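target33.txt, holding compact mmCIF, C-alpha atoms:
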```
# COMPACT_ATOMS: atom_id res chain seq x y z
CA MET A 19 166.43 55.27 134.71
CA MET A 20 168.26 57.65 132.41
CA ARG A 21 170.73 58.48 135.18
CA LYS A 22 171.52 54.76 135.15
CA GLY A 23 171.97 54.74 131.37
CA ILE A 24 168.59 53.16 130.69
CA ASP A 25 166.27 54.58 128.03
CA PRO A 26 162.66 54.06 129.24
CA SER A 27 161.43 53.96 125.62
CA LYS A 28 164.02 51.30 124.71
CA GLU A 29 165.12 53.35 121.69
CA LEU A 30 168.76 53.77 122.80
CA GLU A 31 171.40 51.31 123.93
CA SER A 32 173.14 51.98 127.24
CA SER A 33 176.30 52.82 125.29
CA ALA A 34 174.60 55.99 124.03
CA PHE A 35 174.78 57.41 127.55
CA GLU A 36 178.50 56.81 127.98
CA GLY A 37 180.53 60.00 128.10
CA CYS A 38 177.57 62.31 127.47
CA ASP A 39 177.48 65.63 129.34
CA ILE A 40 173.71 65.63 129.90
CA VAL A 41 172.33 66.22 133.40
CA PHE A 42 169.09 64.28 133.93
CA THR A 43 167.05 65.93 136.66
CA SER A 44 163.54 66.28 138.04
CA ASP A 45 164.33 69.39 140.09
CA PRO A 46 163.08 72.62 138.44
CA GLU A 47 165.76 74.55 140.35
CA ASP A 48 168.40 72.96 138.13
CA LEU A 49 166.81 74.70 135.14
CA LYS A 50 168.12 78.03 136.40
CA GLN A 51 171.50 77.09 134.95
CA ALA A 52 170.07 77.00 131.42
CA HIS A 53 169.35 79.87 129.06
CA PHE A 54 167.73 77.91 126.21
CA HIS A 55 164.74 75.78 127.25
CA ILE A 56 163.09 73.17 125.01
CA ILE A 57 159.68 71.85 126.06
CA GLY A 58 158.76 68.52 124.46
CA VAL A 59 156.10 66.88 126.63
CA PRO A 60 153.26 64.61 125.40
CA THR A 61 150.14 66.24 123.99
CA ASP A 62 147.33 63.74 124.29
CA ILE A 63 143.52 63.87 124.13
CA ASP A 64 141.02 63.20 126.91
CA ALA A 65 138.14 60.70 127.00
CA HIS A 66 136.05 63.08 124.88
CA LYS A 67 138.85 63.38 122.30
CA VAL A 68 139.52 66.98 123.25
CA PRO A 69 143.15 68.18 123.46
CA ASP A 70 144.65 67.71 126.91
CA LEU A 71 147.13 70.55 127.38
CA ASN A 72 147.78 69.91 131.09
CA PRO A 73 151.33 68.47 130.66
CA LEU A 74 152.21 71.31 128.30
CA LEU A 75 150.86 74.04 130.57
CA LYS A 76 152.45 72.53 133.71
CA ALA A 77 155.80 72.29 131.93
CA SER A 78 155.39 75.93 130.88
CA ALA A 79 154.73 76.90 134.51
CA SER A 80 157.85 75.00 135.66
CA VAL A 81 160.05 76.72 133.08
CA GLY A 82 158.37 80.07 133.69
CA SER A 83 159.15 79.88 137.39
CA ILE A 84 162.90 79.99 136.72
CA LEU A 85 162.91 82.07 133.52
CA LYS A 86 165.52 84.85 133.41
CA GLU A 87 165.88 87.99 131.37
CA GLY A 88 167.21 87.07 127.91
CA ASP A 89 166.26 83.38 128.08
CA TYR A 90 164.72 81.42 125.20
CA VAL A 91 161.83 78.94 125.31
CA VAL A 92 161.13 76.66 122.33
CA TYR A 93 158.22 74.21 122.13
CA GLU A 94 158.51 70.90 120.27
CA SER A 95 155.20 69.24 121.27
CA THR A 96 152.58 68.76 118.55
CA VAL A 97 149.82 71.35 119.00
CA TYR A 98 147.19 73.20 116.98
CA PRO A 99 148.14 76.49 115.31
CA GLY A 100 148.10 79.30 117.86
CA CYS A 101 148.69 77.13 120.93
CA THR A 102 152.21 78.42 121.66
CA GLU A 103 151.19 82.07 121.62
CA GLU A 104 147.62 81.81 122.89
CA ASP A 105 147.89 79.08 125.55
CA CYS A 106 151.53 78.62 126.55
CA LEU A 107 152.90 82.17 126.39
CA PRO A 108 150.48 83.57 129.02
CA VAL A 109 151.56 80.81 131.44
CA LEU A 110 155.24 81.64 130.89
CA GLU A 111 154.55 85.33 131.44
CA ARG A 112 152.52 84.82 134.62
CA ALA A 113 155.06 82.45 136.15
CA SER A 114 158.09 84.55 135.25
CA GLY A 115 156.76 88.08 135.58
CA LEU A 116 158.48 88.78 132.26
CA LYS A 117 156.98 89.87 128.95
CA GLY A 118 157.33 87.48 126.03
CA GLY A 119 159.28 89.02 123.16
CA LYS A 120 160.96 91.54 125.47
CA GLY A 121 162.02 89.83 128.67
CA PHE A 122 162.47 86.50 126.92
CA LYS A 123 162.20 85.13 123.39
CA PHE A 124 160.20 82.10 122.31
CA GLY A 125 159.60 79.87 119.31
CA TYR A 126 158.35 76.55 118.00
CA SER A 127 160.32 73.73 116.34
CA PRO A 128 158.32 70.50 116.01
CA GLU A 129 159.84 67.13 116.93
CA ARG A 130 159.80 64.82 113.89
CA ILE A 131 161.48 61.64 115.09
CA VAL A 132 159.77 58.40 114.05
CA PRO A 133 159.80 55.79 116.87
CA GLY A 134 161.83 52.74 115.92
CA ASP A 135 163.64 54.43 113.02
CA LYS A 136 167.37 53.92 113.56
CA VAL A 137 168.38 55.68 110.32
CA ARG A 138 166.47 58.97 110.37
CA THR A 139 167.49 60.17 113.81
CA LEU A 140 167.36 63.67 115.32
CA THR A 141 170.38 65.12 113.53
CA SER A 142 169.51 63.65 110.13
CA ILE A 143 165.93 64.98 109.92
CA LEU A 144 165.38 68.43 108.42
CA LYS A 145 164.22 70.72 111.25
CA ILE A 146 161.46 73.29 111.03
CA VAL A 147 162.27 76.33 113.16
CA SER A 148 160.32 79.49 114.00
CA GLY A 149 160.57 82.41 116.41
CA ASN A 150 158.47 85.24 117.78
CA ASP A 151 160.53 87.74 115.77
CA SER A 152 163.45 87.84 113.33
CA GLU A 153 166.07 87.97 116.10
CA ALA A 154 164.56 84.95 117.81
CA LEU A 155 164.47 83.02 114.52
CA VAL A 156 168.17 83.70 113.93
CA GLU A 157 169.21 82.60 117.43
CA ILE A 158 166.96 79.52 117.50
CA SER A 159 168.31 78.52 114.09
CA LYS A 160 171.88 78.84 115.36
CA VAL A 161 171.23 76.55 118.33
CA TYR A 162 169.57 73.79 116.31
CA GLY A 163 172.09 74.32 113.53
CA GLU A 164 174.84 73.17 115.91
CA ILE A 165 173.60 69.57 115.67
CA ILE A 166 171.19 69.24 112.72
CA THR A 167 173.06 68.04 109.64
CA ALA A 168 169.99 67.72 107.39
CA GLY A 169 169.34 71.46 107.29
CA LEU A 170 166.75 73.87 108.65
CA HIS A 171 163.48 75.21 107.27
CA ARG A 172 162.78 78.67 108.68
CA ALA A 173 159.02 79.14 108.90
CA SER A 174 157.66 82.66 108.56
CA SER A 175 155.71 82.40 111.83
CA ILE A 176 155.14 80.17 114.82
CA LYS A 177 151.63 79.35 113.59
CA VAL A 178 152.95 78.16 110.24
CA ALA A 179 155.41 75.83 112.00
CA GLU A 180 152.67 74.51 114.30
CA ALA A 181 150.34 73.92 111.35
CA ALA A 182 153.06 72.18 109.32
CA LYS A 183 153.62 69.65 112.09
CA VAL A 184 149.99 68.88 112.79
CA ILE A 185 149.16 68.26 109.12
CA GLU A 186 152.10 65.84 108.68
CA ASN A 187 150.34 63.27 110.82
CA THR A 188 146.85 64.30 109.72
CA GLN A 189 147.77 63.62 106.09
CA ARG A 190 149.13 60.19 106.97
CA ASP A 191 146.02 59.42 109.01
CA ILE A 192 143.77 60.25 106.06
CA ASN A 193 145.89 58.26 103.60
CA ILE A 194 145.74 55.16 105.79
CA SER A 195 142.02 55.63 106.40
CA LEU A 196 141.45 55.43 102.63
CA MET A 197 143.29 52.09 102.53
CA ASN A 198 141.30 50.87 105.52
CA GLU A 199 138.03 51.79 103.85
CA LEU A 200 139.18 50.05 100.68
CA ALA A 201 140.02 46.97 102.77
CA ILE A 202 136.46 46.96 104.13
CA ILE A 203 135.01 47.28 100.61
CA PHE A 204 137.32 44.71 99.02
CA ASP A 205 136.63 42.27 101.85
CA ARG A 206 133.01 42.17 100.69
CA MET A 207 134.24 41.49 97.16
CA ASP A 208 136.61 38.75 98.33
CA ILE A 209 139.58 40.66 96.91
CA ASP A 210 143.00 40.81 98.58
CA THR A 211 143.59 44.51 99.31
CA ARG A 212 147.37 44.23 99.40
CA GLU A 213 147.40 42.60 95.97
CA VAL A 214 145.32 45.51 94.71
CA ILE A 215 147.76 48.02 96.22
CA GLU A 216 150.75 46.22 94.70
CA ALA A 217 149.06 46.25 91.29
CA ALA A 218 148.08 49.93 91.54
CA GLY A 219 151.58 50.72 92.82
CA THR A 220 153.06 49.87 89.43
CA LYS A 221 151.92 53.35 88.31
CA TRP A 222 154.63 55.92 89.03
CA ASN A 223 152.40 58.45 90.81
CA PHE A 224 150.48 56.03 93.03
CA HIS A 225 151.42 56.38 96.72
CA LYS A 226 151.54 53.10 98.60
CA TYR A 227 149.84 53.09 101.98
CA TYR A 228 148.56 49.94 103.66
CA PRO A 229 145.55 49.17 105.87
CA GLY A 230 145.97 48.49 109.56
CA LEU A 231 145.41 49.70 113.10
CA VAL A 232 146.25 53.38 113.52
CA GLY A 233 147.22 54.11 117.11
CA GLY A 234 150.08 55.73 118.96
CA HIS A 235 150.65 59.19 120.38
CA CYS A 236 150.89 61.01 117.03
CA ILE A 237 148.82 59.87 114.04
CA SER A 238 145.76 58.84 116.05
CA VAL A 239 145.86 61.99 118.22
CA ASP A 240 147.07 64.95 116.17
CA PRO A 241 144.03 65.19 113.85
CA PHE A 242 141.87 65.89 116.90
CA TYR A 243 144.02 68.94 117.69
CA LEU A 244 143.40 70.41 114.26
CA MET A 245 139.69 69.52 114.41
CA HIS A 246 139.42 71.15 117.84
CA LYS A 247 140.87 74.43 116.58
CA SER A 248 138.75 74.30 113.42
CA ARG A 249 135.54 73.89 115.42
CA LYS A 250 136.46 76.79 117.67
CA LEU A 251 136.72 78.89 114.53
CA GLY A 252 133.26 77.78 113.37
CA TYR A 253 134.14 75.19 110.73
CA GLU A 254 133.25 71.52 111.09
CA PRO A 255 136.02 69.53 109.33
CA GLN A 256 134.70 66.82 107.02
CA VAL A 257 137.56 64.82 105.49
CA ILE A 258 139.72 64.75 108.64
CA ALA A 259 136.80 63.62 110.81
CA ALA A 260 135.79 60.94 108.30
CA GLY A 261 139.33 59.56 108.24
CA ARG A 262 139.38 59.32 112.03
CA ARG A 263 136.03 57.51 112.08
CA VAL A 264 137.24 54.90 109.61
CA ASN A 265 140.50 54.27 111.46
CA ASP A 266 138.75 54.09 114.83
CA TYR A 267 136.38 51.48 113.37
CA MET A 268 139.11 49.03 112.36
CA PRO A 269 139.44 47.11 115.66
CA HIS A 270 135.69 46.35 115.47
CA PHE A 271 136.01 45.29 111.83
CA ILE A 272 138.83 42.86 112.64
CA VAL A 273 137.03 41.39 115.65
CA LYS A 274 133.94 40.87 113.52
CA LYS A 275 136.07 38.95 110.99
CA VAL A 276 137.54 36.73 113.71
CA VAL A 277 134.19 35.97 115.33
CA GLN A 278 132.52 35.22 111.99
CA ALA A 279 135.34 32.85 111.05
CA LEU A 280 135.02 31.00 114.36
CA ILE A 281 131.26 30.60 113.91
CA GLU A 282 131.62 29.48 110.28
CA SER A 283 134.08 26.80 111.42
CA GLY A 284 131.40 25.43 113.73
CA LYS A 285 132.78 26.85 116.97
CA ASN A 286 131.09 28.78 119.75
CA PRO A 287 133.14 31.98 120.26
CA GLY A 288 132.40 31.87 123.99
CA GLU A 289 134.23 28.55 124.22
CA CYS A 290 137.23 29.66 122.12
CA SER A 291 140.68 30.99 122.92
CA VAL A 292 142.54 33.54 120.79
CA LEU A 293 146.20 34.54 120.87
CA VAL A 294 146.93 38.19 120.05
CA MET A 295 150.54 38.76 119.05
CA GLY A 296 151.71 42.30 119.75
CA ILE A 297 150.24 45.15 121.80
CA THR A 298 152.55 48.10 121.10
CA PHE A 299 151.23 50.79 118.76
CA LYS A 300 153.72 49.90 116.01
CA GLU A 301 156.35 47.32 115.14
CA ASP A 302 159.66 46.98 116.99
CA VAL A 303 158.97 49.65 119.64
CA ALA A 304 158.03 49.38 123.32
CA ASP A 305 155.51 52.23 123.30
CA ILE A 306 151.94 51.14 124.15
CA ARG A 307 150.33 54.59 124.21
CA ASN A 308 146.96 54.69 122.43
CA SER A 309 147.47 51.22 121.01
CA LYS A 310 144.40 50.13 119.05
CA VAL A 311 145.27 46.51 119.83
CA VAL A 312 143.86 47.15 123.30
CA GLU A 313 140.43 47.90 121.82
CA LEU A 314 140.67 44.74 119.74
CA VAL A 315 141.48 42.66 122.84
CA LYS A 316 138.66 44.16 124.89
CA GLU A 317 136.11 43.60 122.13
CA LEU A 318 137.19 39.97 121.70
CA THR A 319 136.78 39.56 125.46
CA ASP A 320 133.26 41.02 125.19
CA PHE A 321 132.39 37.91 123.16
CA SER A 322 133.51 35.81 126.17
CA ILE A 323 136.56 34.69 124.18
CA LEU A 324 139.61 33.76 126.26
CA VAL A 325 142.33 36.11 125.00
CA ASP A 326 146.06 35.79 125.67
CA VAL A 327 148.36 38.62 124.59
CA ILE A 328 152.12 38.37 124.01
CA ASP A 329 154.66 41.00 123.00
CA PRO A 330 158.48 40.77 123.12
CA HIS A 331 158.91 44.55 123.37
CA ALA A 332 156.20 45.76 125.76
CA SER A 333 156.60 45.95 129.54
CA VAL A 334 154.45 43.47 131.46
CA GLU A 335 154.11 45.94 134.34
CA GLU A 336 153.24 48.90 132.11
CA VAL A 337 150.59 46.97 130.17
CA LYS A 338 148.99 45.80 133.41
CA GLU A 339 149.06 49.25 134.98
CA LYS A 340 147.75 51.13 131.95
CA TYR A 341 145.28 48.65 130.46
CA GLY A 342 144.67 45.96 133.08
CA ILE A 343 145.86 43.27 130.65
CA ASP A 344 148.06 40.42 131.85
CA LEU A 345 150.73 40.25 129.17
CA LYS A 346 152.13 36.76 128.63
CA ARG A 347 155.76 36.10 127.79
CA ALA A 348 154.89 33.14 125.55
CA PRO A 349 151.80 31.22 124.35
CA GLU A 350 150.36 29.17 127.22
CA ARG A 351 147.93 26.90 125.37
CA LYS A 352 146.68 25.90 121.93
CA TYR A 353 144.40 28.49 120.33
CA ASP A 354 141.37 28.48 118.06
CA ALA A 355 142.72 31.56 116.28
CA VAL A 356 145.89 33.65 116.18
CA VAL A 357 145.82 37.39 115.48
CA VAL A 358 149.16 38.91 114.45
CA ALA A 359 148.35 42.48 115.44
CA VAL A 360 151.80 44.09 115.25
CA GLY A 361 154.50 43.43 112.67
CA HIS A 362 157.39 42.91 115.09
CA LYS A 363 160.52 41.47 113.49
CA GLU A 364 160.10 38.44 115.74
CA TYR A 365 156.79 37.65 114.02
CA VAL A 366 157.78 38.30 110.40
CA THR A 367 159.72 35.03 110.26
CA LEU A 368 157.00 32.90 111.84
CA SER A 369 156.65 29.60 110.02
CA ALA A 370 153.53 27.59 109.32
CA ASP A 371 154.87 24.86 111.61
CA ALA A 372 155.31 27.31 114.49
CA LEU A 373 151.72 28.47 114.08
CA LYS A 374 150.47 24.87 113.93
CA GLU A 375 152.18 24.12 117.24
CA ILE A 376 150.08 26.71 119.07
CA SER A 377 146.83 26.10 117.18
CA LEU A 378 143.89 23.76 117.76
CA ASN A 379 142.92 21.64 114.79
CA ASP A 380 142.87 23.85 111.67
CA VAL A 381 145.20 26.84 111.88
CA MET A 382 143.22 30.10 111.78
CA VAL A 383 145.49 33.16 111.35
CA PHE A 384 144.55 36.83 111.01
CA ASP A 385 147.53 38.84 109.82
CA ILE A 386 146.57 42.48 110.35
CA LYS A 387 149.85 43.88 109.01
CA GLY A 388 150.24 41.36 106.19
CA VAL A 389 153.76 40.47 107.34
CA LEU A 390 153.63 36.67 107.25
CA ASP A 391 154.91 34.53 104.41
CA ILE A 392 153.18 31.25 105.15
CA ALA A 393 151.54 28.44 103.25
CA LYS A 394 147.87 28.89 102.45
CA GLU A 395 146.82 25.35 103.30
CA PHE A 396 144.96 26.73 106.31
CA HIS A 397 142.64 29.64 107.07
CA TYR A 398 144.74 32.78 106.51
CA THR A 399 143.30 36.31 106.43
CA ARG A 400 145.12 39.61 106.05
CA LEU A 401 143.97 43.21 105.70
```
Mind turning the file's structure into structure tokens?
Amino acid sequence: MMRKGIDPSKELESSAFEGCDIVFTSDPEDLKQAHFHIIGVPTDIDAHKVPDLNPLLKASASVGSILKEGDYVVYESTVYPGCTEEDCLPVLERASGLKGGKGFKFGYSPERIVPGDKVRTLTSILKIVSGNDSEALVEISKVYGEIITAGLHRASSIKVAEAAKVIENTQRDINISLMNELAIIFDRMDIDTREVIEAAGTKWNFHKYYPGLVGGHCISVDPFYLMHKSRKLGYEPQVIAAGRRVNDYMPHFIVKKVVQALIESGKNPGECSVLVMGITFKEDVADIRNSKVVELVKELTDFSILVDVIDPHASVEEVKEKYGIDLKRAPERKYDAVVVAVGHKEYVTLSADALKEISLNDVMVFDIKGVLDIAKEFHYTRL
């Protein structure tokens, strides 16, 4: 696809490929032409929420097989502290027959791009760099310095750079989990959580985070990497684990709200239909990896509710292949309830009339991201 000027993640326009001198290849032999290798493959978790290093280790073996004397290898994938030196380096050494630090140099420089952000792109985000020794740090800094305009932060060690990256997303996960827990508490008090946040946000040192579904390949995954390493060292993390539990609970909490509302309106959930708007892990992106909307859909289905899912950004084929869900291009019926699960720009401007057109009787809307600006003459719930 990239050879044809198509970005599979739908982040770049085809014009971005015009005139570029990048060779897109799947042949490891082509890597022999390079002297500076950057490995940035996905680092996911398995069904037991244990780090899955297979893509990282296989990529290391591929690069190691063509590694030459004097080459550099830099990792950008999010990992736990120690992974580069303890897990990846041995693979590079075995595959290459070279000794790390002597035959080749290596380092770690975490990728920090936020999907969907068109302003803070690669060159305009400050880059953390690290190397196995002072010489490596200087050379790695020079290479990244050729394109990064926002500056470089030279970490004192590879482990420090690895730790810095993994806590970026862990901190955000915990902050959002606090808002999610507050949403659960305030729901029982019949208080609008977002109004509370806006009120509290008038104090200069209050940090605004909002409740919602926390999925994706970073925030919902990275904390498990840090927890895994912590447990191996004999410490059971408390705050990080609690934050993950709260965020993982949110799809169930939302489904419970929907089902209760249907019952209170005199309907049998098993005879109802619900439209879920959005299935990507965040707004205005095509990425469906680790989307918590999938859990929400499956749990609604467990109540024998007929669920239709639409999303203007996601791939119909990819959603079917990965999750077994038949993504619709548009609403196909009138629904007992509508769940706006992702704050896509296409949904932000939804009017009350548009929602009435696809709703049965009284309009019942659950706005998970709190993005709608609609009249309150009907049942409207937001986190």
Shell around range 96-107 of chain A at 7 Å using all atoms listed in the file, local window under 6 positions removed, as a list in words: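 Final neighbour list, sorted by chain and number: Thr61, Leu75, Ser78, Gly118, Pro128, Lys177, Glu180, Ala181, Lys183, Val184, Tyr243, Leu244 and Lys247 of chain A.
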Looking at only C-alpha atoms, which of A:Ile323, A:Val357, A:Ile343, A:Met207 is the one that sits closest to Gly288 in chain A? A:Ile323
Out of A:Ser195, A:Ser44, A:Ser114, A:Ser127, which residue has the shortest atom-to-atom distance to Leu170 in chain A when counting only C-alpha atoms?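 Of all the options, A:Ser127 lies closest to Leu170 in chain A.
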Taking only C-alpha atoms into account, name the residue in A:Ala259, A:Val91, A:Leu85, A:Ile166 that is nearest to Arg112 in chain A.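 Ranking A:Ala259, A:Val91, A:Leu85, A:Ile166 by distance to Arg112 in chain A, first place goes to A:Leu85.
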Return the single residue from A:Lys275, A:Lys120, A:Arg206, A:Arg212 that is closest to Asn150 in chain A, with distances computed using all atoms listed in the file.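 Answer, going by the shortest atom-to-atom distance: A:Lys120.
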Show me, as JSON lines, the residues of range 260-317 of chain A having an atom within 12 Å of range 361-368 of chain A, each with the closest atom pair and its distance in Å, using only C-alpha atoms.
```
{"residue": "A:Val294", "atom": "CA", "partner": "A:Tyr365", "partner_atom": "CA", "distance": 11.6}
{"residue": "A:Met295", "atom": "CA", "partner": "A:Tyr365", "partner_atom": "CA", "distance": 8.1}
{"residue": "A:Gly296", "atom": "CA", "partner": "A:His362", "partner_atom": "CA", "distance": 7.4}
{"residue": "A:Ile297", "atom": "CA", "partner": "A:His362", "partner_atom": "CA", "distance": 10.1}
{"residue": "A:Thr298", "atom": "CA", "partner": "A:His362", "partner_atom": "CA", "distance": 9.3}
{"residue": "A:Phe299", "atom": "CA", "partner": "A:Gly361", "partner_atom": "CA", "distance": 10.1}
{"residue": "A:Lys300", "atom": "CA", "partner": "A:Gly361", "partner_atom": "CA", "distance": 7.3}
{"residue": "A:Glu301", "atom": "CA", "partner": "A:His362", "partner_atom": "CA", "distance": 4.5}
{"residue": "A:Asp302", "atom": "CA", "partner": "A:His362", "partner_atom": "CA", "distance": 5.0}
{"residue": "A:Val303", "atom": "CA", "partner": "A:His362", "partner_atom": "CA", "distance": 8.3}
{"residue": "A:Ala304", "atom": "CA", "partner": "A:His362", "partner_atom": "CA", "distance": 10.5}
```
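Proximity of A:His397, A:Lys387, A:Lys274, A:Arg138 to Val232 in chain A, computed with only C-alpha atoms, is greatest for A:Lys387.
Taking all atoms listed in the file into account, His53 in chain A lies nearest to A:Gly82 out of the set A:Val137, A:Ile328, A:Gly82, A:Lys226.
Environment of (138.9, 43.5, 124.8): residues at most 12 Å away, judged by only C-alpha atoms, are A:Pro269, A:His270, A:Val273, A:Val292, A:Val294, A:Ile297, A:Lys310, A:Val311, A:Val312, A:Glu313, A:Leu314, A:Val315, A:Lys316, A:Glu317, A:Leu318, A:Thr319, A:Asp320, A:Phe321, A:Ser322, A:Ile323, A:Leu324, A:Val325, A:Asp326, A:Val327, A:Tyr341, A:Gly342, A:Ile343, A:Asp344.
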Tell me which protein, DNA and RNA residues are within 7 Å of Gly23 in chain A, counting only C-alpha atoms, leaving out same-chain ones fewer than 3 positions away, and put them as number ranges by chain. A: 19-20, 32, 35
Tell me, as a list in words, which residues lie within 7 Å of Ala179 in chain A, counting all atoms listed in the file; anything in the same chain fewer than 4 positions away does not count. Tyr126, Ser127, Ile146, Val147, Ser148, Ala173, Ser175 and Lys183 of chain A
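The spacing separating CA of Asp39 in chain A from CA of Gln51 in chain A amounts to 14.1 Å.
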Axis-aligned box for all listed atoms of range 138-154 of chain A, 3 Å per side, centre and edges in Å to one decimal, as JSON:
```
{"center_x": 164.4, "center_y": 73.5, "center_z": 113.1, "size_x": 17.9, "size_y": 35.0, "size_z": 15.4}
```
CA of Asp380 in chain A to CA of Lys285 in chain A, distance in Å rounded to a single decimal: 11.8 Å
Residues at most 9 Å from Ile131 in chain A, counting all atoms listed in the file, excluding those fewer than 4 positions away in the same chain, as an MDAnalysis selection string? chainID A and resid 135 138:140 143
To one decimal in Å, tell me the separation between CA of Met197 in chain A and CA of Val381 in chain A.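 The value is 27.0 Å.
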Please list as an NGL selection string every residue within 12 Å of Lys86 in chain A, counting only C-alpha atoms and excluding residues in the same chain fewer than 2 positions away. :A and (49-55 or 81-84 or 88-91 or 110-111 or 113-118 or 120-123)
